[in-house]
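What's in target-v1.cif: mmCIF, C-alpha atoms
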data_start
loop_
_atom_site.label_atom_id
_atom_site.label_comp_id
_atom_site.auth_asym_id
_atom_site.auth_seq_id
_atom_site.Cartn_x
_atom_site.Cartn_y
_atom_site.Cartn_z
CA MET A 1 87.20 118.41 65.78
CA THR A 2 87.84 122.13 65.28
CA PHE A 3 89.46 123.86 68.20
CA ARG A 4 87.43 127.05 68.63
CA ILE A 5 86.67 129.00 71.79
CA CYS A 6 83.93 131.60 71.69
CA SER A 7 84.94 135.14 72.63
CA HIS A 8 81.90 135.42 74.95
CA GLU A 9 83.00 132.53 77.14
CA ALA A 10 85.09 134.63 79.50
CA GLU A 11 82.23 137.10 79.93
CA ILE A 12 79.72 134.35 80.65
CA LYS A 13 82.09 132.68 83.06
CA GLU A 14 82.64 135.91 84.95
CA LEU A 15 78.87 136.54 85.12
CA MET A 16 78.31 133.05 86.50
CA LYS A 17 81.09 133.53 89.03
CA CYS A 18 79.48 136.73 90.28
CA GLY A 19 76.03 135.10 90.33
CA HIS A 20 74.69 137.50 87.68
CA TRP A 21 73.72 134.80 85.21
CA PRO A 22 71.06 134.68 83.78
CA GLU A 23 68.98 137.42 85.39
CA ALA A 24 71.51 140.26 85.38
CA CYS A 25 72.82 139.89 81.85
CA SER A 26 71.73 141.20 78.51
CA ALA A 27 69.13 139.43 76.39
CA GLU A 28 71.60 139.43 73.49
CA LEU A 29 74.11 137.42 75.47
CA ARG A 30 71.41 134.94 76.49
CA THR A 31 70.33 134.55 72.89
CA HIS A 32 73.93 134.05 71.85
CA ALA A 33 74.52 131.46 74.59
CA ALA A 34 71.49 129.49 73.47
CA ALA A 35 72.72 129.38 69.88
CA CYS A 36 76.49 128.98 70.44
CA ARG A 37 77.61 125.44 71.09
CA SER A 38 80.75 126.46 72.96
CA CYS A 39 78.86 128.79 75.31
CA SER A 40 76.00 126.36 75.90
CA ASP A 41 78.54 123.64 76.73
CA LEU A 42 80.21 126.00 79.15
CA LEU A 43 76.92 126.84 80.83
CA LEU A 44 75.86 123.24 81.08
CA LEU A 45 79.16 122.16 82.62
CA GLU A 46 79.56 125.14 84.96
CA GLN A 47 76.10 124.54 86.41
CA ALA A 48 76.53 120.77 86.70
CA PHE A 49 79.98 120.95 88.26
CA ARG A 50 79.20 123.74 90.70
CA LYS A 51 76.11 121.90 91.85
CA ALA A 52 78.11 118.70 92.22
CA ARG A 53 80.87 120.52 94.12
CA ALA A 54 78.42 122.02 96.60
CA ALA A 55 76.60 118.72 97.11
CA THR A 56 79.77 116.65 97.47
CA ALA A 57 81.47 119.08 99.84
CA VAL A 58 78.50 118.83 102.21
CA SER A 59 78.80 115.06 102.45
CA ALA A 60 82.50 115.08 103.42
CA SER A 61 83.24 113.67 106.86
CA LEU A 62 86.59 115.15 107.72
CA PRO A 63 88.79 114.65 110.77
CA PRO A 64 89.47 117.64 113.05
CA HIS A 65 92.36 119.85 112.00
CA GLY A 66 94.15 119.09 115.29
CA ALA A 67 94.53 115.42 114.37
CA ILE A 68 96.15 116.29 111.05
CA TRP A 69 98.37 118.91 112.69
CA TRP A 70 99.49 116.31 115.25
CA ARG A 71 100.19 113.71 112.55
CA ALA A 72 102.27 116.23 110.63
CA GLN A 73 104.24 117.13 113.75
CA LEU A 74 104.86 113.45 114.43
CA ARG A 75 106.03 112.85 110.88
CA ARG A 76 108.30 115.90 111.01
CA ARG A 77 109.81 114.68 114.26
CA ASN A 78 110.35 111.17 112.87
CA ALA A 79 112.01 112.64 109.80
CA ALA A 80 114.27 114.74 112.03
CA VAL A 81 115.18 111.70 114.13
CA GLU A 82 115.94 109.77 110.97
CA ARG A 83 118.14 112.61 109.72
CA ILE A 84 120.02 112.70 113.02
CA GLY A 85 120.26 108.90 113.12
CA ARG A 86 122.01 108.68 109.77
CA PRO A 87 125.49 109.79 111.00
CA ILE A 88 125.08 107.61 114.10
CA LEU A 89 124.49 104.60 111.89
CA GLY A 90 127.62 105.52 109.94
CA ALA A 91 129.58 105.74 113.20
CA GLU A 92 128.21 102.34 114.25
CA ILE A 93 129.31 100.76 110.99
CA PHE A 94 132.70 102.43 111.27
CA ALA A 95 133.18 101.23 114.88
CA LEU A 96 132.09 97.73 113.95
CA SER A 97 134.49 97.56 111.01
CA ILE A 98 137.39 98.84 113.20
CA ALA A 99 136.52 96.23 115.82
CA VAL A 100 136.44 93.48 113.21
CA ILE A 101 139.80 94.60 111.77
CA LEU A 102 141.36 94.73 115.22
CA ALA A 103 139.92 91.36 116.17
CA SER A 104 141.13 89.73 112.97
CA GLY A 105 144.58 91.35 113.41
CA LEU A 106 144.73 90.01 116.92
CA ILE A 107 143.75 86.52 115.82
CA VAL A 108 146.41 86.58 113.10
CA SER A 109 149.12 87.80 115.47
CA GLN A 110 148.17 85.23 118.08
CA GLY A 111 148.20 82.54 115.48
CA ARG A 112 151.75 83.53 114.55
CA HIS A 113 152.89 83.33 118.16
CA GLY A 114 151.51 79.82 118.43
CA LEU A 115 148.79 80.71 120.85
CA GLN A 116 151.22 80.73 123.75
CA TRP A 117 148.84 82.65 125.90
CA LEU A 118 146.29 79.84 125.69
CA THR A 119 148.73 77.42 127.24
CA ARG A 120 149.49 80.01 129.90
CA LEU A 121 145.75 80.45 130.49
CA GLY A 122 145.46 76.70 130.91
CA GLU A 123 148.26 76.76 133.44
CA TRP A 124 146.56 79.62 135.25
CA MET A 125 143.28 77.71 135.38
CA THR A 126 145.00 74.69 136.82
CA GLY A 127 146.69 77.02 139.29
CA ILE A 128 143.29 78.29 140.40
CA SER A 129 141.87 74.77 140.64
CA GLN A 130 144.76 73.85 142.96
CA SER A 131 143.77 76.84 145.14
CA GLU A 132 147.03 78.62 144.60
CA ALA A 133 147.36 82.36 144.85
CA PHE A 134 146.41 84.43 141.83
CA ARG A 135 149.50 85.06 139.73
CA LEU A 136 148.99 87.42 136.85
CA ASP A 137 152.52 87.06 135.55
CA MET A 138 151.69 83.47 134.53
CA LEU A 139 149.14 84.76 132.06
CA LEU A 140 151.46 87.28 130.54
CA PRO A 141 153.81 86.49 127.70
CA SER A 142 157.44 87.30 127.94
CA SER A 143 156.90 90.75 126.45
CA GLY A 144 154.61 91.74 129.36
CA TRP A 145 151.30 93.62 128.80
CA MET A 146 151.69 93.79 125.03
CA TYR A 147 148.98 91.22 124.29
CA LEU A 148 146.60 91.75 127.15
CA ILE A 149 145.94 95.43 126.48
CA PRO A 150 144.71 94.99 122.86
CA ILE A 151 142.54 92.05 123.91
CA LEU A 152 140.88 94.07 126.64
CA ALA A 153 140.50 97.07 124.34
CA VAL A 154 138.85 94.98 121.62
CA LEU A 155 136.56 93.32 124.12
CA ALA A 156 135.55 96.68 125.55
CA LEU A 157 134.93 98.11 122.08
CA LEU A 158 132.91 95.10 120.95
CA SER A 159 130.83 95.01 124.10
CA GLY A 160 130.16 98.73 123.71
CA VAL A 161 129.01 98.25 120.13
CA VAL A 162 126.83 95.28 121.07
CA LEU A 163 125.29 97.19 123.96
CA TYR A 164 124.59 100.20 121.77
CA LEU A 165 123.05 98.11 119.01
CA SER A 166 120.83 96.21 121.45
CA SER A 167 119.67 99.45 123.12
CA GLU A 168 118.98 100.98 119.69
CA LYS A 169 116.82 98.00 118.72
CA HIS A 170 115.02 98.16 122.05
CA MET B 1 128.34 145.05 115.81
CA GLN B 2 128.99 142.36 113.22
CA TRP B 3 129.49 143.36 109.60
CA GLU B 4 126.84 140.89 108.40
CA SER B 5 124.18 142.85 110.28
CA VAL B 6 125.38 146.12 108.73
CA ILE B 7 125.29 144.73 105.20
CA PRO B 8 122.28 142.41 105.03
CA ASN B 9 122.27 139.61 102.39
CA ALA B 10 126.00 140.12 101.82
CA VAL B 11 126.75 136.50 102.54
CA SER B 12 123.61 134.55 101.83
CA GLY B 13 121.92 136.79 99.30
CA TYR B 14 118.18 137.07 98.87
CA ALA B 15 117.46 133.37 99.40
CA ALA B 16 118.08 133.58 103.13
CA ASP B 17 116.00 136.71 103.37
CA ALA B 18 113.12 134.96 101.64
CA GLN B 19 113.51 132.00 103.95
CA THR B 20 113.18 134.11 107.05
CA ALA B 21 110.15 135.82 105.56
CA SER B 22 108.42 132.55 104.71
CA LEU B 23 106.97 131.95 108.15
CA GLN B 24 105.75 128.46 108.80
CA MET B 25 102.00 128.12 109.09
CA ASP B 26 101.06 127.95 112.77
CA SER B 27 98.26 125.88 114.26
CA ASP B 28 95.63 128.63 114.20
CA ALA B 29 96.43 129.67 110.65
CA PHE B 30 96.26 126.04 109.61
CA ALA B 31 92.87 125.62 111.32
CA GLY B 32 91.44 128.44 109.21
CA PHE B 33 93.06 127.20 106.04
CA TYR B 34 91.84 123.66 106.70
CA GLN B 35 88.29 124.82 107.31
CA ARG B 36 88.20 126.72 104.04
CA SER B 37 90.00 124.25 101.81
CA SER B 38 89.30 120.74 103.11
CA ARG B 39 85.80 120.29 101.69
CA PRO B 40 86.67 121.44 98.16
CA LEU B 41 89.73 119.21 98.25
CA TRP B 42 87.71 116.23 99.45
CA ALA B 43 85.06 116.88 96.79
CA TYR B 44 87.78 117.00 94.11
CA LEU B 45 89.33 113.72 95.24
CA ALA B 46 86.00 111.98 95.75
CA ARG B 47 84.62 113.00 92.36
CA VAL B 48 87.77 112.36 90.38
CA SER B 49 88.54 109.02 92.03
CA GLY B 50 84.91 107.98 92.47
CA ASP B 51 85.86 106.55 95.86
CA PRO B 52 84.92 108.49 99.04
CA ALA B 53 87.06 106.24 101.28
CA LEU B 54 90.09 106.91 99.12
CA ALA B 55 89.25 110.62 99.19
CA ASP B 56 89.28 110.48 103.03
CA ASP B 57 92.76 108.96 103.07
CA LEU B 58 94.22 111.16 100.38
CA THR B 59 92.79 114.34 101.91
CA GLN B 60 94.51 113.62 105.21
CA GLU B 61 97.74 112.61 103.51
CA SER B 62 97.68 115.75 101.37
CA TYR B 63 97.46 118.00 104.43
CA VAL B 64 100.18 116.09 106.28
CA ARG B 65 102.50 116.40 103.28
CA PHE B 66 101.56 120.03 102.89
CA LEU B 67 102.57 120.72 106.50
CA CYS B 68 105.75 118.66 106.22
CA ALA B 69 106.81 120.24 102.94
CA THR B 70 110.27 121.78 103.02
CA SER B 71 109.39 124.51 100.55
CA PRO B 72 105.69 125.38 100.88
CA PRO B 73 104.38 128.54 99.19
CA LEU B 74 105.33 131.72 100.97
CA LEU B 75 102.74 133.41 103.11
CA GLN B 76 103.06 136.50 100.95
CA GLU B 77 101.75 134.52 97.99
CA GLY B 78 98.48 134.08 99.85
CA GLU B 79 95.99 131.34 100.49
CA VAL B 80 95.22 130.88 96.81
CA ALA B 81 98.79 129.69 96.18
CA SER B 82 98.66 127.44 99.25
CA LYS B 83 95.41 125.90 98.05
CA ARG B 84 96.86 125.34 94.59
CA TYR B 85 99.91 123.71 96.16
CA LEU B 86 97.60 121.48 98.20
CA PHE B 87 95.67 120.44 95.09
CA ARG B 88 98.97 119.67 93.41
CA ILE B 89 99.95 117.33 96.25
CA ALA B 90 96.54 115.67 96.09
CA THR B 91 96.81 115.26 92.32
CA ASN B 92 100.21 113.61 92.66
CA LEU B 93 98.90 111.29 95.37
CA LEU B 94 95.98 110.34 93.18
CA ARG B 95 98.32 109.65 90.27
CA ASP B 96 100.51 107.48 92.51
CA HIS B 97 97.42 105.60 93.64
CA TRP B 98 96.36 104.88 90.06
CA ARG B 99 99.85 103.70 89.16
CA ARG B 100 99.88 101.16 91.97
CA PRO B 101 98.34 97.79 91.05
CA HIS B 102 95.55 97.00 93.47
CA SER B 103 92.36 95.03 93.82
CA ALA B 104 89.44 95.52 96.17
CA SER B 105 87.15 92.81 97.43
CA ILE B 106 83.52 93.42 98.36
CA GLU B 107 84.46 93.27 102.07
CA GLU B 108 86.83 96.20 101.67
CA ILE B 109 84.15 98.51 100.30
CA PRO B 110 82.65 100.63 103.12
CA GLU B 111 78.97 100.30 103.93
CA GLU B 112 78.30 103.89 102.97
CA PHE B 113 78.50 102.80 99.36
CA PHE B 114 75.43 100.66 99.81
CA VAL B 115 73.43 103.11 101.88
CA ALA B 116 71.02 105.53 100.24
CA LYS B 117 72.30 109.09 100.20
CA ALA B 118 70.84 111.38 102.83
CA HIS B 119 71.08 114.59 100.82
CA PRO B 120 68.59 114.78 97.98
CA GLU B 121 70.65 117.51 96.27
CA GLN B 122 73.70 115.27 96.29
CA ALA B 123 71.71 112.36 94.89
CA ASP B 124 70.44 114.65 92.15
CA SER B 125 73.91 115.95 91.28
CA GLU B 126 75.31 112.42 91.31
CA ALA B 127 72.56 111.29 88.97
CA VAL B 128 73.52 114.12 86.64
CA LEU B 129 77.27 114.05 86.67
CA THR B 130 78.49 110.70 87.98
CA PRO B 131 77.56 108.53 84.99
CA ALA B 132 79.09 111.04 82.59
CA LEU B 133 82.26 111.44 84.68
CA ALA B 134 82.61 107.70 84.96
CA ARG B 135 82.91 107.51 81.19
CA MET B 136 85.72 110.03 81.09
CA ARG B 137 89.43 109.32 81.48
CA PRO B 138 90.88 110.12 84.94
CA ARG B 139 93.00 112.97 83.59
CA ASP B 140 89.99 114.50 81.85
CA ARG B 141 87.99 114.22 85.06
CA GLN B 142 90.76 116.08 86.90
CA ILE B 143 90.98 118.84 84.33
CA LEU B 144 87.22 119.26 84.09
CA TRP B 145 86.79 119.42 87.85
CA LEU B 146 89.58 121.93 88.30
CA ALA B 147 88.26 124.11 85.48
CA HIS B 148 84.54 124.04 86.16
CA ALA B 149 84.14 123.19 89.85
CA GLU B 150 87.18 125.04 91.20
CA GLY B 151 87.24 127.72 88.51
CA TYR B 152 90.97 127.43 87.85
CA SER B 153 92.54 129.01 84.78
CA HIS B 154 94.53 127.02 82.23
CA HIS B 155 97.75 128.21 83.81
CA GLU B 156 96.62 127.15 87.29
CA ILE B 157 95.46 123.73 86.06
CA ALA B 158 98.84 123.29 84.40
CA GLU B 159 100.53 124.09 87.69
CA VAL B 160 98.37 121.59 89.59
CA THR B 161 98.59 118.74 87.10
CA GLY B 162 102.15 119.31 85.92
CA LEU B 163 101.09 119.49 82.26
CA ALA B 164 101.86 122.29 79.83
CA SER B 165 99.41 125.16 79.67
CA ALA B 166 98.97 124.75 75.90
CA SER B 167 98.13 121.06 76.38
CA ILE B 168 95.55 121.94 79.02
CA ARG B 169 93.75 124.20 76.55
CA ILE B 170 93.37 121.39 74.02
CA LEU B 171 92.66 118.63 76.54
CA LEU B 172 90.03 120.74 78.27
CA PHE B 173 88.37 121.63 75.00
CA ARG B 174 88.08 117.98 73.99
CA ALA B 175 87.00 116.82 77.43
CA ARG B 176 84.38 119.53 77.61
CA ARG B 177 82.92 118.58 74.25
CA LYS B 178 82.80 114.94 75.25
CA ILE B 179 81.20 115.37 78.67
CA ALA B 180 78.72 117.93 77.34
CA SER B 181 77.55 115.47 74.72
CA LEU B 182 77.32 112.73 77.36
CA LEU B 183 75.22 114.98 79.58
CA ARG B 184 72.96 115.84 76.65
CA GLU B 185 72.56 112.15 75.86
CA GLN B 186 71.42 111.59 79.44
CA GLU B 187 69.12 114.54 79.13
CA LYS B 188 67.54 113.08 76.02
CA ALA B 189 67.20 109.75 77.76
CA GLY B 190 65.18 111.57 80.41
CA PHE B 191 67.55 111.27 83.38
CA VAL B 192 68.24 114.96 83.73
CA SER B 193 66.07 117.99 83.78
CA ASN B 194 67.60 120.67 81.60
CA PRO B 195 69.09 123.39 83.79
CA GLU B 196 69.26 125.79 80.89
CA ARG B 197 65.52 125.81 80.23
CA ARG B 198 64.77 128.38 82.85
CA TRP B 199 66.93 131.07 81.24
CA GLN B 200 66.46 130.24 77.57
CA PRO B 201 64.54 132.94 75.73
#
Could you express the structure from this file as structure tokens?
Amino acid sequence: MTFRICSHEAEIKELMKCGHWPEACSAELRTHAAACRSCSDLLLLEQAFRKARAATAVSASLPPHGAIWWRAQLRRRNAAVERIGRPILGAEIFALSIAVILASGLIVSQGRHGLQWLTRLGEWMTGISQSEAFRLDMLLPSSGWMYLIPILAVLALLSGVVLYLSSEKH
Amino acid sequence: MQWESVIPNAVSGYAADAQTASLQMDSDAFAGFYQRSSRPLWAYLARVSGDPALADDLTQESYVRFLCATSPPLLQEGEVASKRYLFRIATNLLRDHWRRPHSASIEEIPEEFFVAKAHPEQADSEAVLTPALARMRPRDRQILWLAHAEGYSHHEIAEVTGLASASIRILLFRARRKIASLLREQEKAGFVSNPERRWQP
């Protein structure tokens, strides 16, 4: 197939675009278009496609522009929320990993101390069951508040993370 | 007075200036743009895909993506550039759709497919072009539609389809030859009345 474009094509195309074809063009050009394969192809296709475009465009049933505008706004907002949510997710993961490290550290340290506080907790429970007065010093190890504070801190941190995650899912 | 205001673009250069100038399209401007461009876009998608329901979906998606785009054409470039950008989005969506494996059952096809067309002109144009287009490759259908229905230049078609301008010239030439011969075959078979007869000397 030889690749050849007729020099009159642009002129014919322009005439068709302006609506001057075939009435307002020279007889020579019409004669040429009838004889030239490239130009006759162009004419055939331009007429067929323009007609098809007009007919197809009429049959389109399109939604109102407001609906599309609203959808775009919604998508933009969701994308923005997602963008903002990314660092929060990172913070959540960071907090969770810190909590896990702390909890595992605590478990290890308690394991080393022979879980003395559990026996003290047992004593405290029996103390309560015997309706004795609440004595906090029974629960404490010899070193005082050293163990209770990290436990409470870890519990607070974990409950905060759990609460946040559950509210996020909700 | 801050020194940045005295010496504009000293820090951010021309990019920031261009950003401030590229005003986002507001609702009213979009309404006008939508009214002028939606039917040609739908016609393009419907004719190239051969599926009006798909054209409905892709038209909507194209506009949503157009509005959500982070770097749409600047307002200074005009509506022609915006329309070209829109056609580019639609072309990419269509390409993505063709790449996805899918199957449609008879229940999924809308009833409109089985109903006779209300517009006689549309029925006529479909009788002329649809069988010939159906025998063309999707890419050829795209190029032909953009060239002859939308009147885009080779450069513009290249921008919309993402192909090289030189390739468009060759592809369009071949596609044009092929579809013209298909249309002439139909004409000989008696399906089409020759539109050229009325001006032939």
Hey, list the chain B side of the contact with chain A: 6 Å cut-off, only C-alpha atoms, answer as a list in words.
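Using only C-alpha atoms, chain B residues at most 6 Å from chain A: Ala31, Arg39, Pro40, Ala43, Val64, Gln122, Ser125, His148, Ala149 and Ala180 of chain B.
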Give me the residues within 7 Å of stretch 146-158 of chain A as a list in words, counting only C-alpha atoms and dropping any in the same chain fewer than 4 places off.
Ala99, Leu102, Ala103 and Val162 of chain A
Contacts of B:Arg95 at 12 Å (only C-alpha atoms; same-chain gap of 2+ positions) as a PDB file with C-alpha atoms, in the coordinates of the input:
ATOM      1  CA  LEU B  45      89.330 113.720  95.240  1.00  0.00           C
ATOM      2  CA  VAL B  48      87.770 112.360  90.380  1.00  0.00           C
ATOM      3  CA  SER B  49      88.540 109.020  92.030  1.00  0.00           C
ATOM      4  CA  LEU B  58      94.220 111.160 100.380  1.00  0.00           C
ATOM      5  CA  ARG B  88      98.970 119.670  93.410  1.00  0.00           C
ATOM      6  CA  ILE B  89      99.950 117.330  96.250  1.00  0.00           C
ATOM      7  CA  ALA B  90      96.540 115.670  96.090  1.00  0.00           C
ATOM      8  CA  THR B  91      96.810 115.260  92.320  1.00  0.00           C
ATOM      9  CA  ASN B  92     100.210 113.610  92.660  1.00  0.00           C
ATOM     10  CA  LEU B  93      98.900 111.290  95.370  1.00  0.00           C
ATOM     11  CA  HIS B  97      97.420 105.600  93.640  1.00  0.00           C
ATOM     12  CA  TRP B  98      96.360 104.880  90.060  1.00  0.00           C
ATOM     13  CA  ARG B  99      99.850 103.700  89.160  1.00  0.00           C
ATOM     14  CA  ARG B 100      99.880 101.160  91.970  1.00  0.00           C
ATOM     15  CA  PRO B 101      98.340  97.790  91.050  1.00  0.00           C
ATOM     16  CA  PRO B 138      90.880 110.120  84.940  1.00  0.00           C
ATOM     17  CA  ARG B 139      93.000 112.970  83.590  1.00  0.00           C
ATOM     18  CA  GLN B 142      90.760 116.080  86.900  1.00  0.00           C
ATOM     19  CA  VAL B 160      98.370 121.590  89.590  1.00  0.00           C
ATOM     20  CA  THR B 161      98.590 118.740  87.100  1.00  0.00           C
ATOM     21  CA  GLY B 162     102.150 119.310  85.920  1.00  0.00           C
TER      22      GLY B 162
END
Rounded to one decimal, what separation in Å do you get between atom CA of B:Glu156 and atom CA of B:Arg84?
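Calculated distance between atom CA of B:Glu156 and atom CA of B:Arg84 is 7.5 Å.
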Kindly extract all protein, DNA and RNA residues lying within 12 Å of the coordinates (126.2, 99.4, 120.1) given in the file, considering only C-alpha atoms, and supply them as a list of chain:residue names.
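Residues satisfying the cut-off, written out: A:Ile88, A:Leu89, A:Gly90, A:Ala91, A:Glu92, A:Ile93, A:Phe94, A:Ala95, A:Leu96, A:Ala99, A:Ala156, A:Leu157, A:Leu158, A:Ser159, A:Gly160, A:Val161, A:Val162, A:Leu163, A:Tyr164, A:Leu165, A:Ser166, A:Ser167, A:Glu168, A:Lys169, A:His170.
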Save out the residues we just selected, C-alpha atoms, as a JSON list (two decimals), in the frame of the given file.
[["chain", "number", "residue", "atom", "x", "y", "z"],
["A", 88, "ILE", "CA", 125.08, 107.61, 114.10],
["A", 89, "LEU", "CA", 124.49, 104.60, 111.89],
["A", 90, "GLY", "CA", 127.62, 105.52, 109.94],
["A", 91, "ALA", "CA", 129.58, 105.74, 113.20],
["A", 92, "GLU", "CA", 128.21, 102.34, 114.25],
["A", 93, "ILE", "CA", 129.31, 100.76, 110.99],
["A", 94, "PHE", "CA", 132.70, 102.43, 111.27],
["A", 95, "ALA", "CA", 133.18, 101.23, 114.88],
["A", 96, "LEU", "CA", 132.09, 97.73, 113.95],
["A", 99, "ALA", "CA", 136.52, 96.23, 115.82],
["A", 156, "ALA", "CA", 135.55, 96.68, 125.55],
["A", 157, "LEU", "CA", 134.93, 98.11, 122.08],
["A", 158, "LEU", "CA", 132.91, 95.10, 120.95],
["A", 159, "SER", "CA", 130.83, 95.01, 124.10],
["A", 160, "GLY", "CA", 130.16, 98.73, 123.71],
["A", 161, "VAL", "CA", 129.01, 98.25, 120.13],
["A", 162, "VAL", "CA", 126.83, 95.28, 121.07],
["A", 163, "LEU", "CA", 125.29, 97.19, 123.96],
["A", 164, "TYR", "CA", 124.59, 100.20, 121.77],
["A", 165, "LEU", "CA", 123.05, 98.11, 119.01],
["A", 166, "SER", "CA", 120.83, 96.21, 121.45],
["A", 167, "SER", "CA", 119.67, 99.45, 123.12],
["A", 168, "GLU", "CA", 118.98, 100.98, 119.69],
["A", 169, "LYS", "CA", 116.82, 98.00, 118.72],
["A", 170, "HIS", "CA", 115.02, 98.16, 122.05]]
Atom-to-atom span, atom CA of B:Leu182 and atom CA of A:Met16, Å
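Atom CA of A:Met16 lies at a distance of 22.3 Å from atom CA of B:Leu182.
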To one decimal place in Å, what is the distance between atom CA of B:Ser82 and atom CA of B:Trp42?
15.7 Å
Excluding B:Arg36 and residues on its chain fewer than 5 positions from it, collect all residues at most 10 Å away from it, counting all atoms listed in the file, and give them as a PyMOL selection string.
chain B and resi 30-31+41+79+83
